[in-house]
Amino acid sequence: MGSVVSVRPLTVGLALFWLWLSGRLANDFLLVGSVGVGRGEPFVPVAPFAAAADSAAALAASLGPVGEPVLWLAGGFEFAAEAIGYLPLLAGGIWTTVLLTTVSVCLGFALALPLSLLRVYGGRTARWAALSYTELIRGTPLLAQLFVLYFATSLTQVLRGVPGVGVGFVPAQAFWVAVISFSLNSAAYQSEYLRAAFDSVDSGQLTAARAVGLSKLEGIRYVVVPQGLRLALPSWTNELVYLVKYSSLASFITVQELFGRTSTLASETYQYTDLFVLAAVLYLALVVTASALMDRVESRTATVGVGHTRQ
Amino acid sequence: MTRPLLDIDDLYKSYGSEDVLEGVDLEMDRGDVTVLIGPSGSGKSTLLRCVNQLTDIDSGTVALDGTDVTRPEADVNELRKQVGMVFQDFNLFAHLTALGNVTLGPRKVLGMDADEARERGREHLEQVGLLDQADSYPAELSGGQQQRVGIARALAMDPELLLFDEPTSALDPELVGEVVDVMRDLADRGITMLVVSHEMGFARSAASDIVFLDDGEIVEHGPPEQLFETPEADRTREFLGRLQTEHEGTP
C-alpha cells in the first residue's frame, strides 16, 4: 500500500502494443499522408533488421558448426524484419477483431442477464424456454450457427439494406452477421455462468430483501444481481478470452479480422509460418489485455464476504 | 376501544399433508412484546412468516391495524413496509456495508433521498451501538454485530411491528447478551414486537405476554410470571421443564 507503482514488463509490452495499434490506425485513417508515414508503411524501417539478419547469417556461416546460436539470432532478425513489414497490414484486422469481440460480448451479456434470471426465477415455461435456447446453442458448433445465419437466412440481404452499413468506418454486413451470431452464441454461455452465480447467492438474501418491502424484481436487481455478478466475474472472463479467439471464425464468412487478414496475406506472400506466428503473438496480446482488464474489474469490485476475496 | 394492532384469526397453514398451524388466534396491541415459545416444529417461525406474508396462508385472516392483509388484492409490499423482520441467520445483504444495509429499504421502498437515508441510517446504527462500524461489510462483523445491524435495518423502515425469528439462536453464547440488550431497549421504547425465542432472560424481563405454541395450536398464553410460574396445561409444564433441564445442562 502506498508504495511506488511497480512497472512490470508485461504492462510495458501491452502499453507498447496498444500505443502502436492506436498510432497505426490514427496514422492510416485520420492523418493519411498529411503527417506521419504513408498508409501501410511501417513506423520502423525494415532495412536495418534485414541487414542485421544478413550479417548474422554471414557470421554464422564463417563460424561453421559453432555458429548455430548465431544462426538463430539471424532467424530472429529475419522474423523481426518480416513482422515490421507485415504489422501495418494486420492493424486493421486486429481492430476488427477487437470490435467484433467487444460488441458481441456486450450484446451477449445484455441477452444473457435476462436469460439467466429466467432460468433461476422464471415460471416453468420461461425456465424451459431459456434452457432450450441455452442447450440448443451450446450443443451446436459456432461455425454452423454462423453459416446458417450467413447463408441460410436473408439476414445478409436485410443488413445490406440498412443505411450506413459498410459506409466509412462502419463495417459491412458480414461483420454484423458475425456480431449477431457471436452475441447469440455468447449469450448462451454467459447465461450459464450467470445462472450458476445467481443460484449460489443464498436464498435468505432475497427473503430479507422482500421482508424489507422490496418487490421480487427489486430484490433481484438490488441484492441478488450485484452479488451474482461479482461471483460470475472469473468465469465470465473465460468467456471473453474464448470469444477473442473464436472470433477468428468470422473469416469464414469473409470478415477480414485478424485471422482472415493473416490468411489473405499468407496466400499472397507464401510466408505462412512467419505470418501465423505473428498472428498468434497478436492474439496473445489481445487475450492478455482482456484478462488484465478483467483482473482490474475484479479487484475493484471485490467485496469482503462475496465470493473469493484475495488477501 | 382501540382495535388491536395485529389480529390473527383462525389461521390454518399446511405444507402438503403436514399441518403446521391449526387454527391460531392471536391479538397484539401497540407496545406489546409477545414472545412465542414452543418445541421445534410447533409452527412458531411459520406463524411469524404468515404475518408478513413471506408464507401464504391456507385460511383464516391476519389483520394489521384493522386491515386484512391476506386478501388476494392486498399489497404485500405495502404490508412489509409496516412490518420489519429480524432473521435467525441475520441475512444481511452481503455486498453492502452496515450503513448500506440500513439505507437500502428507505431509499428504494420509501423513496428517501440518499443523504437523508444515510443520516437516518446512522441514527439507527447508533441506536444499536454500531455507528463506528457503519462502513464495515457483514463478513467483517461478529455474529452479534451482524444481528444488531439486522435490527437497525428493520428499524430503518419505521415499522409498526417488528418480528424476530429466533434472533439469538445462531449466536455464540457470549454474543447473545448484546443482542438481547438491544431488544430490551426497543421493548422499553414501546416498540411492538413479536418474538420467537427461548431466551428466557428476555422473555421474563421484557415480554408483556408469553404464548406457548405446540402442534400448530396455541396451548396457553399469559403474562410471563403466570405462564412460567403457574402454567395451567400439562404440555406447557412439560415443555418448560424440558427447557429448564436443557439450560441447566449447558455449561
# chains A, B, ... in the order shown; residues from 1 in each chain; ligands from 1
>>> residues_around(residues="B:Arg184", least_positions_apart="5", cutoff="12 Å", atoms="only C-alpha atoms", output="list in words")
Val33, Val128, Gly177, Glu178, Val179, Arg189, Gly190, Ile191, Thr192, Met193, Val195, Glu199, Gly201, Phe202, Ala203, Arg204, Ser205, Ala206, Ala207 and Ser208 of chain B
>>> interface_residues(of="chain A", to="chain B", cutoff="9 Å", atoms="only C-alpha atoms", output="short mmCIF file (atom, residue, chain, number, x, y, z; two decimals) with all heavy atoms, in the first residue's frame")
data_model
loop_
_atom_site.label_atom_id
_atom_site.label_comp_id
_atom_site.auth_asym_id
_atom_site.auth_seq_id
_atom_site.Cartn_x
_atom_site.Cartn_y
_atom_site.Cartn_z
N ASP A 202 -27.22 -16.92 -1.59
CA ASP A 202 -28.07 -17.52 -0.57
C ASP A 202 -29.52 -17.03 -0.69
O ASP A 202 -29.76 -15.84 -0.88
CB ASP A 202 -27.52 -17.17 0.82
CG ASP A 202 -28.29 -17.87 1.91
OD1 ASP A 202 -28.19 -19.10 2.01
OD2 ASP A 202 -29.03 -17.17 2.65
N GLY A 204 -31.69 -16.65 1.44
CA GLY A 204 -32.06 -15.73 2.52
C GLY A 204 -31.88 -14.27 2.12
O GLY A 204 -32.54 -13.39 2.67
N GLN A 205 -31.00 -14.03 1.14
CA GLN A 205 -30.77 -12.66 0.70
C GLN A 205 -32.02 -12.06 0.07
O GLN A 205 -32.39 -10.92 0.35
CB GLN A 205 -29.61 -12.62 -0.31
CG GLN A 205 -28.28 -13.02 0.28
CD GLN A 205 -27.67 -11.90 1.12
OE1 GLN A 205 -27.67 -10.75 0.74
NE2 GLN A 205 -27.17 -12.26 2.29
N LEU A 206 -32.68 -12.85 -0.78
CA LEU A 206 -33.89 -12.36 -1.42
C LEU A 206 -35.03 -12.28 -0.41
O LEU A 206 -35.83 -11.34 -0.44
CB LEU A 206 -34.26 -13.27 -2.61
CG LEU A 206 -35.39 -12.75 -3.50
CD1 LEU A 206 -35.07 -11.37 -4.06
CD2 LEU A 206 -35.66 -13.71 -4.65
N THR A 207 -35.10 -13.26 0.50
CA THR A 207 -36.12 -13.22 1.54
C THR A 207 -35.99 -11.94 2.35
O THR A 207 -36.98 -11.25 2.63
CB THR A 207 -35.98 -14.44 2.47
OG1 THR A 207 -35.91 -15.62 1.69
CG2 THR A 207 -37.14 -14.52 3.44
N ALA A 208 -34.75 -11.61 2.73
CA ALA A 208 -34.52 -10.41 3.52
C ALA A 208 -34.92 -9.16 2.73
O ALA A 208 -35.51 -8.23 3.27
CB ALA A 208 -33.06 -10.32 3.95
N ALA A 209 -34.59 -9.16 1.42
CA ALA A 209 -34.96 -8.02 0.58
C ALA A 209 -36.47 -7.85 0.54
O ALA A 209 -36.99 -6.75 0.63
CB ALA A 209 -34.39 -8.21 -0.82
N ARG A 210 -37.16 -8.99 0.42
CA ARG A 210 -38.62 -8.92 0.36
C ARG A 210 -39.19 -8.47 1.70
O ARG A 210 -40.17 -7.73 1.75
CB ARG A 210 -39.19 -10.29 -0.03
CG ARG A 210 -38.58 -10.81 -1.31
CD ARG A 210 -39.57 -11.23 -2.31
NE ARG A 210 -40.63 -10.26 -2.51
CZ ARG A 210 -41.79 -10.55 -3.08
NH1 ARG A 210 -42.02 -11.77 -3.45
NH2 ARG A 210 -42.70 -9.63 -3.25
N ALA A 211 -38.56 -8.93 2.79
CA ALA A 211 -39.06 -8.55 4.11
C ALA A 211 -38.89 -7.05 4.35
O ALA A 211 -39.66 -6.45 5.10
CB ALA A 211 -38.33 -9.34 5.20
N VAL A 212 -37.90 -6.44 3.70
CA VAL A 212 -37.70 -5.00 3.83
C VAL A 212 -38.77 -4.23 3.05
O VAL A 212 -39.00 -3.05 3.29
CB VAL A 212 -36.27 -4.63 3.35
CG1 VAL A 212 -36.14 -3.15 3.09
CG2 VAL A 212 -35.25 -5.05 4.38
N GLY A 213 -39.44 -4.93 2.13
CA GLY A 213 -40.50 -4.29 1.38
C GLY A 213 -40.21 -4.13 -0.10
O GLY A 213 -40.98 -3.54 -0.84
N LEU A 214 -39.04 -4.64 -0.53
CA LEU A 214 -38.73 -4.60 -1.96
C LEU A 214 -39.57 -5.66 -2.68
O LEU A 214 -39.80 -6.73 -2.13
CB LEU A 214 -37.25 -4.89 -2.19
CG LEU A 214 -36.23 -3.87 -1.68
CD1 LEU A 214 -34.82 -4.46 -1.71
CD2 LEU A 214 -36.27 -2.59 -2.48
N SER A 215 -39.97 -5.36 -3.91
CA SER A 215 -40.66 -6.37 -4.70
C SER A 215 -39.63 -7.42 -5.11
O SER A 215 -38.43 -7.22 -4.96
CB SER A 215 -41.29 -5.74 -5.94
OG SER A 215 -40.28 -5.32 -6.82
N GLU A 218 -37.24 -5.97 -7.60
CA GLU A 218 -36.30 -5.03 -6.97
C GLU A 218 -35.27 -5.77 -6.14
O GLU A 218 -34.09 -5.41 -6.13
CB GLU A 218 -37.06 -4.04 -6.08
CG GLU A 218 -37.87 -3.03 -6.84
CD GLU A 218 -38.78 -2.21 -5.91
OE1 GLU A 218 -39.28 -2.76 -4.90
OE2 GLU A 218 -39.00 -1.03 -6.20
N TYR A 222 -31.42 -5.24 -6.80
CA TYR A 222 -30.55 -4.53 -5.86
C TYR A 222 -29.73 -5.45 -4.96
O TYR A 222 -28.77 -5.03 -4.35
CB TYR A 222 -31.37 -3.58 -4.97
CG TYR A 222 -32.06 -2.49 -5.75
CD1 TYR A 222 -33.44 -2.36 -5.75
CD2 TYR A 222 -31.30 -1.59 -6.50
CE1 TYR A 222 -34.07 -1.37 -6.48
CE2 TYR A 222 -31.92 -0.59 -7.23
CZ TYR A 222 -33.31 -0.49 -7.22
OH TYR A 222 -33.91 0.49 -7.94
N VAL A 223 -30.14 -6.70 -4.84
CA VAL A 223 -29.46 -7.59 -3.89
C VAL A 223 -28.83 -8.81 -4.58
O VAL A 223 -27.64 -9.07 -4.41
CB VAL A 223 -30.43 -8.05 -2.77
CG1 VAL A 223 -29.73 -9.04 -1.85
CG2 VAL A 223 -30.92 -6.84 -1.98
N VAL A 224 -29.61 -9.53 -5.38
CA VAL A 224 -29.09 -10.77 -5.96
C VAL A 224 -28.11 -10.49 -7.11
O VAL A 224 -27.00 -11.04 -7.14
CB VAL A 224 -30.24 -11.67 -6.46
CG1 VAL A 224 -29.68 -12.94 -7.09
CG2 VAL A 224 -31.18 -12.02 -5.32
N PRO A 226 -26.21 -7.75 -7.93
CA PRO A 226 -24.87 -7.23 -7.59
C PRO A 226 -23.95 -8.31 -7.01
O PRO A 226 -22.75 -8.29 -7.26
CB PRO A 226 -25.17 -6.15 -6.55
CG PRO A 226 -26.58 -5.79 -6.72
CD PRO A 226 -27.28 -6.99 -7.26
N GLN A 227 -24.52 -9.23 -6.22
CA GLN A 227 -23.69 -10.29 -5.65
C GLN A 227 -23.35 -11.34 -6.70
O GLN A 227 -22.22 -11.81 -6.79
CB GLN A 227 -24.40 -10.95 -4.47
CG GLN A 227 -24.60 -10.00 -3.30
CD GLN A 227 -25.25 -10.68 -2.11
OE1 GLN A 227 -25.00 -11.84 -1.84
NE2 GLN A 227 -26.10 -9.95 -1.42
N THR A 303 -15.60 -7.49 -2.76
CA THR A 303 -16.25 -7.14 -1.51
C THR A 303 -16.01 -8.28 -0.52
O THR A 303 -16.24 -9.43 -0.87
CB THR A 303 -17.76 -6.96 -1.71
OG1 THR A 303 -17.96 -6.01 -2.75
CG2 THR A 303 -18.43 -6.46 -0.45
N VAL A 304 -15.57 -7.94 0.67
CA VAL A 304 -15.34 -8.98 1.67
C VAL A 304 -16.61 -9.80 1.87
O VAL A 304 -17.67 -9.24 2.07
CB VAL A 304 -14.98 -8.36 3.04
CG1 VAL A 304 -14.28 -9.38 3.91
CG2 VAL A 304 -14.16 -7.11 2.86
N GLY A 305 -16.46 -11.11 1.77
CA GLY A 305 -17.61 -11.96 2.06
C GLY A 305 -18.45 -12.30 0.85
O GLY A 305 -19.36 -13.10 0.95
N VAL A 306 -18.17 -11.68 -0.31
CA VAL A 306 -18.89 -12.05 -1.53
C VAL A 306 -17.90 -12.71 -2.48
O VAL A 306 -17.05 -12.05 -3.05
CB VAL A 306 -19.53 -10.82 -2.21
CG1 VAL A 306 -20.36 -11.26 -3.42
CG2 VAL A 306 -20.40 -10.07 -1.24
#
>>> residues_around(residues="A:Lys245", least_positions_apart="5", cutoff="12 Å", atoms="only C-alpha atoms", output="number ranges by chain")
A: 94, 97-98, 100-101, 182, 238-240, 250-251, 257-259, 279-280, 282-288, 290
>>> residues_around(residues="A:Arg138", least_positions_apart="3", cutoff="7 Å", atoms="only C-alpha atoms", output="number ranges by chain")
A: 134-135, 188-189
>>> write_last_selection(atoms="N, CA and C atoms", output="short mmCIF file (atom, residue, chain, number, x, y, z; two decimals), in the first residue's frame")
data_model
loop_
_atom_site.label_atom_id
_atom_site.label_comp_id
_atom_site.auth_asym_id
_atom_site.auth_seq_id
_atom_site.Cartn_x
_atom_site.Cartn_y
_atom_site.Cartn_z
N THR A 134 -30.42 -22.17 -24.44
CA THR A 134 -29.04 -22.38 -24.00
C THR A 134 -28.50 -23.70 -24.51
N GLU A 135 -29.29 -24.76 -24.38
CA GLU A 135 -28.82 -26.08 -24.78
C GLU A 135 -28.65 -26.17 -26.30
N ALA A 188 -25.68 -17.57 -24.66
CA ALA A 188 -25.98 -18.87 -24.08
C ALA A 188 -24.93 -19.27 -23.04
N TYR A 189 -23.66 -19.10 -23.41
CA TYR A 189 -22.59 -19.46 -22.46
C TYR A 189 -22.60 -18.54 -21.25
#
>>> residues_around(residues="B:Ser40", least_positions_apart="4", cutoff="12 Å", atoms="only C-alpha atoms", output="PyMOL selection string")
chain B and resi 20+36+44-46+166+196-198+212-216+239+243
>>> residues_around(residues="A:Leu249", least_positions_apart="5", cutoff="10 Å", atoms="only C-alpha atoms", output="list in words")
Leu142, Leu143, Leu146, Ala178, Phe182, Thr254, Val255, Glu257, Phe259 and Gly260 of chain A
>>> write_last_selection(atoms="N, CA, C and O atoms", output="mmCIF file, in the first residue's frame")
data_model
loop_
_atom_site.group_PDB
_atom_site.id
_atom_site.type_symbol
_atom_site.label_atom_id
_atom_site.label_comp_id
_atom_site.auth_asym_id
_atom_site.auth_seq_id
_atom_site.Cartn_x
_atom_site.Cartn_y
_atom_site.Cartn_z
ATOM 1 N N LEU A 142 -20.369 -23.389 -33.267
ATOM 2 C CA LEU A 142 -20.466 -21.961 -33.563
ATOM 3 C C LEU A 142 -20.362 -21.700 -35.064
ATOM 4 O O LEU A 142 -21.093 -20.874 -35.616
ATOM 5 N N LEU A 143 -19.469 -22.453 -35.719
ATOM 6 C CA LEU A 143 -19.286 -22.242 -37.159
ATOM 7 C C LEU A 143 -20.575 -22.562 -37.913
ATOM 8 O O LEU A 143 -20.968 -21.847 -38.832
ATOM 9 N N LEU A 146 -22.973 -19.761 -37.455
ATOM 10 C CA LEU A 146 -22.537 -18.630 -38.276
ATOM 11 C C LEU A 146 -22.965 -18.845 -39.736
ATOM 12 O O LEU A 146 -23.505 -17.935 -40.374
ATOM 13 N N ALA A 178 -21.688 -11.640 -38.248
ATOM 14 C CA ALA A 178 -20.816 -12.272 -37.255
ATOM 15 C C ALA A 178 -21.134 -11.772 -35.850
ATOM 16 O O ALA A 178 -21.211 -12.553 -34.905
ATOM 17 N N PHE A 182 -22.238 -14.256 -32.942
ATOM 18 C CA PHE A 182 -21.428 -14.391 -31.735
ATOM 19 C C PHE A 182 -22.196 -13.946 -30.490
ATOM 20 O O PHE A 182 -22.045 -14.531 -29.422
ATOM 21 N N THR A 254 -16.043 -14.160 -44.768
ATOM 22 C CA THR A 254 -15.370 -13.042 -45.469
ATOM 23 C C THR A 254 -14.999 -11.846 -44.600
ATOM 24 O O THR A 254 -14.541 -10.834 -45.107
ATOM 25 N N VAL A 255 -15.195 -11.925 -43.279
ATOM 26 C CA VAL A 255 -14.804 -10.790 -42.445
ATOM 27 C C VAL A 255 -13.281 -10.756 -42.346
ATOM 28 O O VAL A 255 -12.670 -11.760 -41.975
ATOM 29 N N GLU A 257 -11.026 -9.982 -40.261
ATOM 30 C CA GLU A 257 -10.472 -9.730 -38.923
ATOM 31 C C GLU A 257 -9.065 -10.312 -38.904
ATOM 32 O O GLU A 257 -8.544 -10.726 -39.954
ATOM 33 N N PHE A 259 -7.479 -13.041 -38.151
ATOM 34 C CA PHE A 259 -7.176 -14.321 -38.783
ATOM 35 C C PHE A 259 -7.400 -14.261 -40.296
ATOM 36 O O PHE A 259 -6.568 -14.731 -41.084
ATOM 37 N N GLY A 260 -8.497 -13.648 -40.699
ATOM 38 C CA GLY A 260 -8.812 -13.531 -42.123
ATOM 39 C C GLY A 260 -7.758 -12.746 -42.870
ATOM 40 O O GLY A 260 -7.304 -13.128 -43.955
#
>>> closest_residue(among="B:Asp9, B:Ala114, B:Asp32, B:Arg120", to="B:Thr70", atoms="only C-alpha atoms")
B:Asp9
>>> select_by_dssp(residues="stretch 13-204 of chain B", states="alpha helix (DSSP H)", output="PyMOL selection string")
chain B and resi 44-51+76-82+98-108+114-127+143-155+173-188+200-204
>>> atom_distance(atom1="atom CA of B:Gly144", atom2="atom CA of B:Asp181")
11.0 Å
>>> select_by_dssp(residues="stretch 139-181 of chain B", states="strand (DSSP E or B)", output="MDAnalysis selection string")
chainID B and resid 161:165
>>> closest_residue(among="A:Leu90, A:Leu19, A:Ala80, A:Val167", to="A:Phe49", atoms="only C-alpha atoms")
A:Ala80
>>> decode(residues="stretch 90-130 of chain B", atoms="C-alpha atoms", output="mmCIF file, in the first residue's frame")
data_model
loop_
_atom_site.group_PDB
_atom_site.id
_atom_site.type_symbol
_atom_site.label_atom_id
_atom_site.label_comp_id
_atom_site.auth_asym_id
_atom_site.auth_seq_id
_atom_site.Cartn_x
_atom_site.Cartn_y
_atom_site.Cartn_z
ATOM 1 C CA PHE B 90 -29.138 -12.349 10.044
ATOM 2 C CA ASN B 91 -29.410 -12.384 6.220
ATOM 3 C CA LEU B 92 -27.596 -9.091 5.890
ATOM 4 C CA PHE B 93 -27.046 -8.014 2.279
ATOM 5 C CA ALA B 94 -23.524 -9.354 1.823
ATOM 6 C CA HIS B 95 -22.413 -6.823 -0.796
ATOM 7 C CA LEU B 96 -23.415 -3.761 1.208
ATOM 8 C CA THR B 97 -21.824 -2.103 4.235
ATOM 9 C CA ALA B 98 -23.693 -1.905 7.527
ATOM 10 C CA LEU B 99 -24.929 1.543 6.522
ATOM 11 C CA GLY B 100 -25.804 0.279 3.029
ATOM 12 C CA ASN B 101 -27.892 -2.473 4.580
ATOM 13 C CA VAL B 102 -29.772 0.015 6.724
ATOM 14 C CA THR B 103 -30.397 2.523 3.912
ATOM 15 C CA LEU B 104 -31.442 0.216 1.047
ATOM 16 C CA GLY B 105 -35.061 -0.133 2.206
ATOM 17 C CA PRO B 106 -35.661 3.561 2.952
ATOM 18 C CA ARG B 107 -34.086 4.557 -0.375
ATOM 19 C CA LYS B 108 -35.723 2.036 -2.661
ATOM 20 C CA VAL B 109 -39.006 1.373 -0.857
ATOM 21 C CA LEU B 110 -39.762 4.663 0.875
ATOM 22 C CA GLY B 111 -38.113 6.744 -1.863
ATOM 23 C CA MET B 112 -35.975 8.673 0.605
ATOM 24 C CA ASP B 113 -33.069 10.588 -0.948
ATOM 25 C CA ALA B 114 -29.609 9.165 -0.343
ATOM 26 C CA ASP B 115 -28.382 11.846 2.064
ATOM 27 C CA GLU B 116 -31.419 11.701 4.290
ATOM 28 C CA ALA B 117 -31.363 7.894 4.271
ATOM 29 C CA ARG B 118 -27.702 7.918 5.313
ATOM 30 C CA GLU B 119 -28.319 10.410 8.075
ATOM 31 C CA ARG B 120 -31.223 8.423 9.471
ATOM 32 C CA GLY B 121 -29.323 5.184 8.898
ATOM 33 C CA ARG B 122 -26.535 6.480 11.120
ATOM 34 C CA GLU B 123 -29.078 7.248 13.825
ATOM 35 C CA HIS B 124 -30.378 3.692 13.657
ATOM 36 C CA LEU B 125 -26.878 2.253 13.767
ATOM 37 C CA GLU B 126 -26.200 4.417 16.794
ATOM 38 C CA GLN B 127 -29.306 3.019 18.476
ATOM 39 C CA VAL B 128 -27.835 -0.466 18.226
ATOM 40 C CA GLY B 129 -24.376 0.809 19.215
ATOM 41 C CA LEU B 130 -22.701 0.257 15.862
#
